[in-house]
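J.: The following file, entry-v1.txt, comprises compact mmCIF, C-alpha atoms:
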# COMPACT_ATOMS: atom_id res chain seq x y z
CA MET A 1 0.00 0.00 0.00
CA GLN A 2 1.28 3.48 -0.81
CA ASP A 3 2.25 5.73 2.11
CA GLU A 4 -0.65 8.15 1.51
CA ALA A 5 -3.25 5.36 1.17
CA ARG A 6 -1.86 3.81 4.34
CA LEU A 7 -2.08 7.10 6.27
CA THR A 8 -5.66 7.56 5.04
CA LEU A 9 -6.53 4.10 6.38
CA VAL A 10 -4.72 4.76 9.69
CA PHE A 11 -6.56 8.05 10.29
CA SER A 12 -9.95 6.47 9.36
CA VAL A 13 -9.35 3.62 11.81
CA LEU A 14 -8.65 6.18 14.58
CA ALA A 15 -11.81 8.19 13.79
CA ASP A 16 -13.72 5.92 16.18
CA PRO A 17 -13.85 6.40 19.98
CA THR A 18 -14.18 2.66 20.78
CA ARG A 19 -11.09 1.79 18.73
CA ARG A 20 -9.14 4.63 20.39
CA ALA A 21 -10.24 3.39 23.83
CA ILE A 22 -9.13 -0.16 22.96
CA LEU A 23 -5.69 1.17 21.95
CA ALA A 24 -5.46 3.26 25.14
CA ARG A 25 -6.22 0.12 27.19
CA LEU A 26 -3.54 -1.85 25.32
CA ALA A 27 -0.97 0.90 25.92
CA ARG A 28 -1.14 -0.21 29.59
CA GLY A 29 -0.47 -3.88 28.67
CA GLU A 30 -1.92 -6.89 26.84
CA ALA A 31 -5.61 -7.81 27.29
CA THR A 32 -8.03 -10.54 26.23
CA VAL A 33 -11.17 -9.88 24.17
CA SER A 34 -13.38 -10.09 27.28
CA GLU A 35 -11.12 -7.71 29.21
CA LEU A 36 -11.30 -5.31 26.26
CA ALA A 37 -15.10 -5.67 25.97
CA GLU A 38 -15.70 -5.05 29.70
CA PRO A 39 -15.68 -1.22 29.84
CA PHE A 40 -17.99 -0.92 26.81
CA ASP A 41 -21.66 -1.62 26.56
CA LEU A 42 -21.04 -3.60 23.38
CA ARG A 43 -21.60 -7.21 22.38
CA GLN A 44 -18.53 -9.37 21.76
CA PRO A 45 -19.05 -9.54 17.94
CA THR A 46 -18.90 -5.71 17.80
CA ILE A 47 -15.67 -5.66 19.82
CA SER A 48 -14.27 -8.48 17.65
CA LYS A 49 -15.03 -6.44 14.52
CA HIS A 50 -13.14 -3.42 15.95
CA LEU A 51 -10.23 -5.72 16.91
CA ARG A 52 -10.13 -7.17 13.37
CA ILE A 53 -9.99 -3.64 11.89
CA LEU A 54 -7.19 -2.66 14.31
CA GLU A 55 -5.30 -5.88 13.52
CA GLU A 56 -5.65 -5.56 9.73
CA ALA A 57 -4.36 -1.98 9.88
CA GLY A 58 -1.33 -3.15 11.89
CA PHE A 59 -2.12 -1.45 15.23
CA ILE A 60 -2.44 -4.63 17.31
CA ARG A 61 -1.66 -8.33 17.12
CA GLN A 62 -2.71 -11.58 18.80
CA GLU A 63 -0.24 -13.24 21.12
CA ARG A 64 0.37 -16.97 20.58
CA ASP A 65 -1.27 -17.99 23.86
CA ALA A 66 -3.84 -20.41 22.37
CA GLN A 67 -6.29 -20.21 25.29
CA ARG A 68 -6.32 -16.52 26.25
CA ARG A 69 -5.38 -15.06 22.84
CA PRO A 70 -4.46 -11.70 24.38
CA ARG A 71 -4.04 -8.67 22.13
CA THR A 72 -0.99 -6.37 22.32
CA LEU A 73 -0.04 -3.09 20.69
CA VAL A 74 2.37 -3.41 17.77
CA VAL A 75 5.54 -1.43 18.57
CA GLY A 76 6.59 0.75 15.64
CA GLY A 77 3.13 0.37 14.11
CA PRO A 78 0.83 2.97 12.53
CA LEU A 79 0.90 5.20 15.64
CA GLU A 80 4.57 5.79 14.99
CA ASP A 81 3.73 6.65 11.34
CA ILE A 82 1.42 9.38 12.68
CA ASP A 83 4.15 10.55 15.05
CA THR A 84 6.52 10.84 12.06
CA TRP A 85 3.85 12.57 9.96
CA LEU A 86 3.46 15.18 12.75
CA THR A 87 7.19 16.10 12.70
CA PRO A 88 7.07 19.14 10.33
CA PHE A 89 4.02 20.52 12.18
CA ARG A 90 5.64 20.04 15.57
CA GLU A 91 8.73 21.89 14.30
CA GLN A 92 6.51 24.70 13.06
CA TRP A 93 4.65 25.20 16.34
CA GLU A 94 7.89 24.90 18.35
CA ARG A 95 9.43 27.64 16.15
CA ARG A 96 6.42 29.87 16.82
CA PHE A 97 6.53 29.31 20.57
CA ASP A 98 10.29 30.03 20.54
CA ALA A 99 9.60 33.29 18.69
CA LEU A 100 6.91 34.23 21.22
CA GLU A 101 9.23 33.36 24.11
CA SER A 102 12.10 35.48 22.79
CA PHE A 103 9.61 38.33 22.20
CA LEU A 104 8.43 38.09 25.82
CA ASP A 105 12.05 37.87 27.02
CA LYS A 106 12.88 41.13 25.26
CA LYS A 107 9.78 42.99 26.45
CA PRO A 108 10.76 43.78 30.10
CA ARG A 109 14.27 44.98 29.10
CA ARG A 110 12.85 47.43 26.59
CA ALA A 111 10.31 48.63 29.21
CA LYS A 112 13.15 49.34 31.70
CA LYS A 113 15.11 51.31 29.13
CA ASP A 114 12.09 53.50 28.42
CA LYS A 115 11.67 54.49 32.07
CA MET B 1 -17.77 19.55 21.71
CA GLN B 2 -16.57 16.73 23.98
CA ASP B 3 -12.92 15.69 23.73
CA GLU B 4 -13.73 12.31 22.20
CA ALA B 5 -16.16 13.75 19.62
CA ARG B 6 -13.55 16.36 18.78
CA LEU B 7 -10.82 13.74 18.30
CA THR B 8 -13.17 11.70 16.08
CA LEU B 9 -13.72 14.79 13.92
CA VAL B 10 -9.99 15.60 13.82
CA PHE B 11 -9.03 12.08 12.72
CA SER B 12 -11.81 12.01 10.06
CA VAL B 13 -10.61 15.34 8.65
CA LEU B 14 -7.08 13.90 8.34
CA ALA B 15 -8.30 10.73 6.59
CA ASP B 16 -8.00 12.58 3.27
CA PRO B 17 -4.74 12.93 1.28
CA THR B 18 -5.63 16.35 -0.22
CA ARG B 19 -6.33 17.85 3.21
CA ARG B 20 -3.07 16.38 4.58
CA ALA B 21 -1.17 17.85 1.58
CA ILE B 22 -2.76 21.29 2.19
CA LEU B 23 -1.64 21.15 5.85
CA ALA B 24 1.88 20.05 4.82
CA ARG B 25 2.08 23.04 2.44
CA LEU B 26 0.90 25.42 5.21
CA ALA B 27 3.52 24.03 7.61
CA ARG B 28 6.06 25.77 5.31
CA GLY B 29 4.19 29.12 5.55
CA GLU B 30 0.94 30.89 4.66
CA ALA B 31 -0.57 30.43 1.18
CA THR B 32 -3.50 31.75 -0.87
CA VAL B 33 -6.27 29.52 -2.25
CA SER B 34 -4.73 29.56 -5.73
CA GLU B 35 -1.29 28.69 -4.35
CA LEU B 36 -2.88 25.82 -2.44
CA ALA B 37 -4.87 24.64 -5.51
CA GLU B 38 -1.81 24.69 -7.82
CA PRO B 39 -0.25 21.27 -7.03
CA PHE B 40 -3.61 19.47 -7.31
CA ASP B 41 -5.64 18.64 -10.38
CA LEU B 42 -8.74 19.96 -8.62
CA ARG B 43 -11.17 22.79 -9.33
CA GLN B 44 -11.20 25.76 -6.96
CA PRO B 45 -14.63 24.86 -5.42
CA THR B 46 -13.24 21.46 -4.39
CA ILE B 47 -10.18 23.08 -2.78
CA SER B 48 -12.43 25.66 -1.10
CA LYS B 49 -14.55 22.85 0.35
CA HIS B 50 -11.45 21.17 1.82
CA LEU B 51 -10.31 24.54 3.22
CA ARG B 52 -13.72 25.10 4.83
CA ILE B 53 -13.56 21.65 6.48
CA LEU B 54 -10.02 22.36 7.76
CA GLU B 55 -11.09 25.79 9.03
CA GLU B 56 -14.24 24.53 10.78
CA ALA B 57 -12.21 21.84 12.55
CA GLY B 58 -9.72 24.48 13.75
CA PHE B 59 -6.67 23.37 11.72
CA ILE B 60 -6.30 26.56 9.68
CA ARG B 61 -7.51 30.16 9.61
CA GLN B 62 -7.79 33.05 7.17
CA GLU B 63 -5.48 35.99 7.65
CA ARG B 64 -7.05 39.47 7.60
CA ASP B 65 -5.42 40.49 4.31
CA ALA B 66 -8.66 41.37 2.44
CA GLN B 67 -7.21 40.90 -1.05
CA ARG B 68 -5.04 37.80 -0.77
CA ARG B 69 -6.90 36.06 2.09
CA PRO B 70 -3.98 33.73 2.79
CA ARG B 71 -4.50 30.68 4.97
CA THR B 72 -2.20 29.78 7.88
CA LEU B 73 -1.90 26.84 10.23
CA VAL B 74 -3.41 27.39 13.68
CA VAL B 75 -0.68 26.98 16.30
CA GLY B 76 -1.81 24.77 19.17
CA GLY B 77 -4.67 23.46 17.03
CA PRO B 78 -5.97 19.91 16.52
CA LEU B 79 -2.56 18.62 15.45
CA GLU B 80 -1.32 19.33 18.94
CA ASP B 81 -4.36 17.44 20.34
CA ILE B 82 -3.19 14.41 18.34
CA ASP B 83 0.34 14.89 19.60
CA THR B 84 -1.01 14.89 23.19
CA TRP B 85 -3.21 11.86 22.45
CA LEU B 86 -0.10 9.98 21.24
CA THR B 87 1.79 10.54 24.54
CA PRO B 88 0.94 7.25 26.35
CA PHE B 89 1.67 5.25 23.18
CA ARG B 90 4.98 7.04 22.63
CA GLU B 91 5.92 6.26 26.25
CA GLN B 92 5.01 2.63 25.69
CA TRP B 93 7.13 2.17 22.56
CA GLU B 94 10.05 4.10 24.12
CA ARG B 95 9.90 1.75 27.14
CA ARG B 96 9.99 -1.26 24.81
CA PHE B 97 12.93 0.11 22.84
CA ASP B 98 14.79 0.85 26.12
CA ALA B 99 14.15 -2.74 27.23
CA LEU B 100 15.45 -4.06 23.89
CA GLU B 101 18.49 -1.80 24.13
CA SER B 102 19.39 -2.92 27.65
CA PHE B 103 18.87 -6.55 26.53
CA LEU B 104 21.30 -6.01 23.63
CA ASP B 105 23.76 -4.23 25.97
CA LYS B 106 23.82 -7.23 28.28
CA LYS B 107 24.09 -9.81 25.49
CA PRO B 108 27.83 -9.54 24.61
CA ARG B 109 28.88 -9.58 28.31
CA ARG B 110 26.94 -12.74 28.95
CA ALA B 111 28.40 -14.31 25.77
CA LYS B 112 31.94 -13.53 26.99
CA LYS B 113 31.26 -15.07 30.38
CA ASP B 114 30.02 -18.29 28.74
CA LYS B 115 33.16 -18.75 26.64
Kindly return the structure encoded in the file as structure tokens.
T.:
Amino acid sequence: MQDEARLTLVFSVLADPTRRAILARLARGEATVSELAEPFDLRQPTISKHLRILEEAGFIRQERDAQRRPRTLVVGGPLEDIDTWLTPFREQWERRFDALESFLDKKPRRAKKDK
Amino acid sequence: MQDEARLTLVFSVLADPTRRAILARLARGEATVSELAEPFDLRQPTISKHLRILEEAGFIRQERDAQRRPRTLVVGGPLEDIDTWLTPFREQWERRFDALESFLDKKPRRAKKDK
């Protein structure tokens, strides 16, 4: 899949509060389907559908524990692609905050001089 | 708008390659509608629609230059919300990489001992 098509998929997958909550839970450690279903008022097939979408897009994977089949976050997965995609924007807002900071640093000195 | 509803909107807005390209262009500095339309094989109404969506979601704004009406990125806008949302995941993958690194650091020492 091309980078842009992949990013489009990744952002669409995240445009769902249940899927974001599942990822947030997995950031704290692996969990089984029933553990993941617990906080939501959703039937297991609905949760399983969300898990399949997250797995197909590369966010999560199933561990090889045949009985519990816990899910874990994939390290270096699509969330890191988003982090990388944010880089030029982060640089831009950091530059602007630096400019604001140096403006505020200069302000009091100039005020003293005027007095 | 609630935080979760807002994040859902923000991720949906980004699930479009043209809108991401417009944001990437604006990360390099302000631009007029025709400058933004140039790299795309799209009619101006289509670009204007994307700009309206980006503006309504708080990503960009119009500068007060009545003639040129350039668009700029909003500093501290939704992209920073995504950056904040990524924090626990970033911490998780940094922890895992640290663990891998310390595992690799220990490896050669143990190998020497065994010989």
J.: Give me the RMSD in Å over all C-alpha atoms, paired in order, after least-squares superposition of chain A onto chain B.
T.: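 Chain B versus chain A: RMSD of 0.1 Å.
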J.: Give the residues of chain A that lie within 8 Å of chain B; count all atoms listed in the file, and format the answer as a ChimeraX atom specification.
T.: /A:4-5,7-12,14-17,24,27-28,75-76,79-80,83,86,88-90,92-93,96
J.: Set up a box along x, y and z of the file covering all listed atoms of segment 59-70 of chain B, add 3 Å on every one of the six sides, and write the centre and edge lengths in Å to one decimal, as JSON.
T.:
{"center_x": -6.3, "center_y": 32.4, "center_z": 5.3, "size_x": 10.7, "size_y": 24.0, "size_z": 18.8}
J.: Atom CA of Ala31 of chain A to atom CA of Ile47 of chain A: how many Å, to one decimal?
T.: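 It comes out at 12.7 Å.
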J.: By how many Å are atom CA of Ile53 of chain B and atom CA of Val33 of chain B apart?
T.: 13.8 Å
J.: Kindly reconstruct segment 10-35 of chain A with N, CA, C and O atoms and present the result as an mmCIF file, in the coordinates of the input.
T.:
data_model
loop_
_atom_site.group_PDB
_atom_site.id
_atom_site.type_symbol
_atom_site.label_atom_id
_atom_site.label_comp_id
_atom_site.auth_asym_id
_atom_site.auth_seq_id
_atom_site.Cartn_x
_atom_site.Cartn_y
_atom_site.Cartn_z
ATOM 1 N N VAL A 10 -5.080 4.617 8.270
ATOM 2 C CA VAL A 10 -4.720 4.760 9.690
ATOM 3 C C VAL A 10 -5.586 5.833 10.364
ATOM 4 O O VAL A 10 -6.132 5.616 11.450
ATOM 5 N N PHE A 11 -5.740 6.983 9.702
ATOM 6 C CA PHE A 11 -6.560 8.050 10.290
ATOM 7 C C PHE A 11 -8.041 7.640 10.348
ATOM 8 O O PHE A 11 -8.725 7.965 11.316
ATOM 9 N N SER A 12 -8.542 6.915 9.322
ATOM 10 C CA SER A 12 -9.950 6.470 9.360
ATOM 11 C C SER A 12 -10.181 5.515 10.520
ATOM 12 O O SER A 12 -11.211 5.581 11.193
ATOM 13 N N VAL A 13 -9.221 4.604 10.725
ATOM 14 C CA VAL A 13 -9.350 3.620 11.810
ATOM 15 C C VAL A 13 -9.450 4.350 13.162
ATOM 16 O O VAL A 13 -10.211 3.964 14.037
ATOM 17 N N LEU A 14 -8.684 5.449 13.312
ATOM 18 C CA LEU A 14 -8.650 6.180 14.580
ATOM 19 C C LEU A 14 -9.851 7.120 14.764
ATOM 20 O O LEU A 14 -10.057 7.639 15.865
ATOM 21 N N ALA A 15 -10.637 7.312 13.694
ATOM 22 C CA ALA A 15 -11.810 8.190 13.790
ATOM 23 C C ALA A 15 -12.981 7.444 14.421
ATOM 24 O O ALA A 15 -14.121 7.544 13.977
ATOM 25 N N ASP A 16 -12.689 6.681 15.470
ATOM 26 C CA ASP A 16 -13.720 5.920 16.180
ATOM 27 C C ASP A 16 -13.339 5.835 17.654
ATOM 28 O O ASP A 16 -12.266 5.307 17.987
ATOM 29 N N PRO A 17 -14.209 6.338 18.545
ATOM 30 C CA PRO A 17 -13.850 6.400 19.980
ATOM 31 C C PRO A 17 -13.628 5.030 20.618
ATOM 32 O O PRO A 17 -12.773 4.902 21.497
ATOM 33 N N THR A 18 -14.375 3.993 20.193
ATOM 34 C CA THR A 18 -14.180 2.660 20.780
ATOM 35 C C THR A 18 -12.796 2.121 20.416
ATOM 36 O O THR A 18 -12.084 1.592 21.270
ATOM 37 N N ARG A 19 -12.410 2.292 19.147
ATOM 38 C CA ARG A 19 -11.090 1.790 18.730
ATOM 39 C C ARG A 19 -9.980 2.552 19.446
ATOM 40 O O ARG A 19 -8.985 1.959 19.869
ATOM 41 N N ARG A 20 -10.171 3.877 19.654
ATOM 42 C CA ARG A 20 -9.140 4.630 20.390
ATOM 43 C C ARG A 20 -9.063 4.164 21.842
ATOM 44 O O ARG A 20 -7.978 4.052 22.411
ATOM 45 N N ALA A 21 -10.225 3.858 22.434
ATOM 46 C CA ALA A 21 -10.240 3.390 23.830
ATOM 47 C C ALA A 21 -9.569 2.016 23.948
ATOM 48 O O ALA A 21 -8.852 1.754 24.923
ATOM 49 N N ILE A 22 -9.783 1.155 22.961
ATOM 50 C CA ILE A 22 -9.130 -0.160 22.960
ATOM 51 C C ILE A 22 -7.608 0.017 22.916
ATOM 52 O O ILE A 22 -6.863 -0.610 23.673
ATOM 53 N N LEU A 23 -7.140 0.918 22.047
ATOM 54 C CA LEU A 23 -5.690 1.170 21.950
ATOM 55 C C LEU A 23 -5.144 1.737 23.258
ATOM 56 O O LEU A 23 -4.068 1.332 23.715
ATOM 57 N N ALA A 24 -5.899 2.655 23.879
ATOM 58 C CA ALA A 24 -5.460 3.260 25.140
ATOM 59 C C ALA A 24 -5.333 2.178 26.214
ATOM 60 O O ALA A 24 -4.372 2.176 26.998
ATOM 61 N N ARG A 25 -6.296 1.235 26.237
ATOM 62 C CA ARG A 25 -6.220 0.120 27.190
ATOM 63 C C ARG A 25 -4.972 -0.721 26.929
ATOM 64 O O ARG A 25 -4.251 -1.094 27.856
ATOM 65 N N LEU A 26 -4.690 -0.992 25.656
ATOM 66 C CA LEU A 26 -3.540 -1.850 25.320
ATOM 67 C C LEU A 26 -2.197 -1.155 25.538
ATOM 68 O O LEU A 26 -1.174 -1.822 25.692
ATOM 69 N N ALA A 27 -2.209 0.178 25.605
ATOM 70 C CA ALA A 27 -0.970 0.900 25.920
ATOM 71 C C ALA A 27 -0.530 0.594 27.350
ATOM 72 O O ALA A 27 0.633 0.735 27.697
ATOM 73 N N ARG A 28 -1.478 0.135 28.191
ATOM 74 C CA ARG A 28 -1.140 -0.210 29.590
ATOM 75 C C ARG A 28 -0.744 -1.681 29.718
ATOM 76 O O ARG A 28 -0.352 -2.123 30.792
ATOM 77 N N GLY A 29 -0.857 -2.462 28.621
ATOM 78 C CA GLY A 29 -0.470 -3.880 28.670
ATOM 79 C C GLY A 29 -1.457 -4.739 27.904
ATOM 80 O O GLY A 29 -2.561 -4.291 27.582
ATOM 81 N N GLU A 30 -1.081 -5.982 27.620
ATOM 82 C CA GLU A 30 -1.920 -6.890 26.840
ATOM 83 C C GLU A 30 -3.265 -7.150 27.521
ATOM 84 O O GLU A 30 -3.386 -6.982 28.745
ATOM 85 N N ALA A 31 -4.277 -7.530 26.744
ATOM 86 C CA ALA A 31 -5.610 -7.810 27.290
ATOM 87 C C ALA A 31 -6.349 -8.784 26.392
ATOM 88 O O ALA A 31 -6.138 -8.808 25.172
ATOM 89 N N THR A 32 -7.207 -9.597 26.999
ATOM 90 C CA THR A 32 -8.030 -10.540 26.230
ATOM 91 C C THR A 32 -9.259 -9.811 25.678
ATOM 92 O O THR A 32 -9.568 -8.691 26.104
ATOM 93 N N VAL A 33 -9.976 -10.480 24.767
ATOM 94 C CA VAL A 33 -11.170 -9.880 24.170
ATOM 95 C C VAL A 33 -12.191 -9.519 25.262
ATOM 96 O O VAL A 33 -12.764 -8.420 25.231
ATOM 97 N N SER A 34 -12.390 -10.411 26.250
ATOM 98 C CA SER A 34 -13.380 -10.090 27.280
ATOM 99 C C SER A 34 -12.931 -8.937 28.170
ATOM 100 O O SER A 34 -13.744 -8.098 28.557
ATOM 101 N N GLU A 35 -11.638 -8.870 28.448
ATOM 102 C CA GLU A 35 -11.120 -7.710 29.210
ATOM 103 C C GLU A 35 -11.321 -6.410 28.418
ATOM 104 O O GLU A 35 -11.630 -5.366 28.985
#
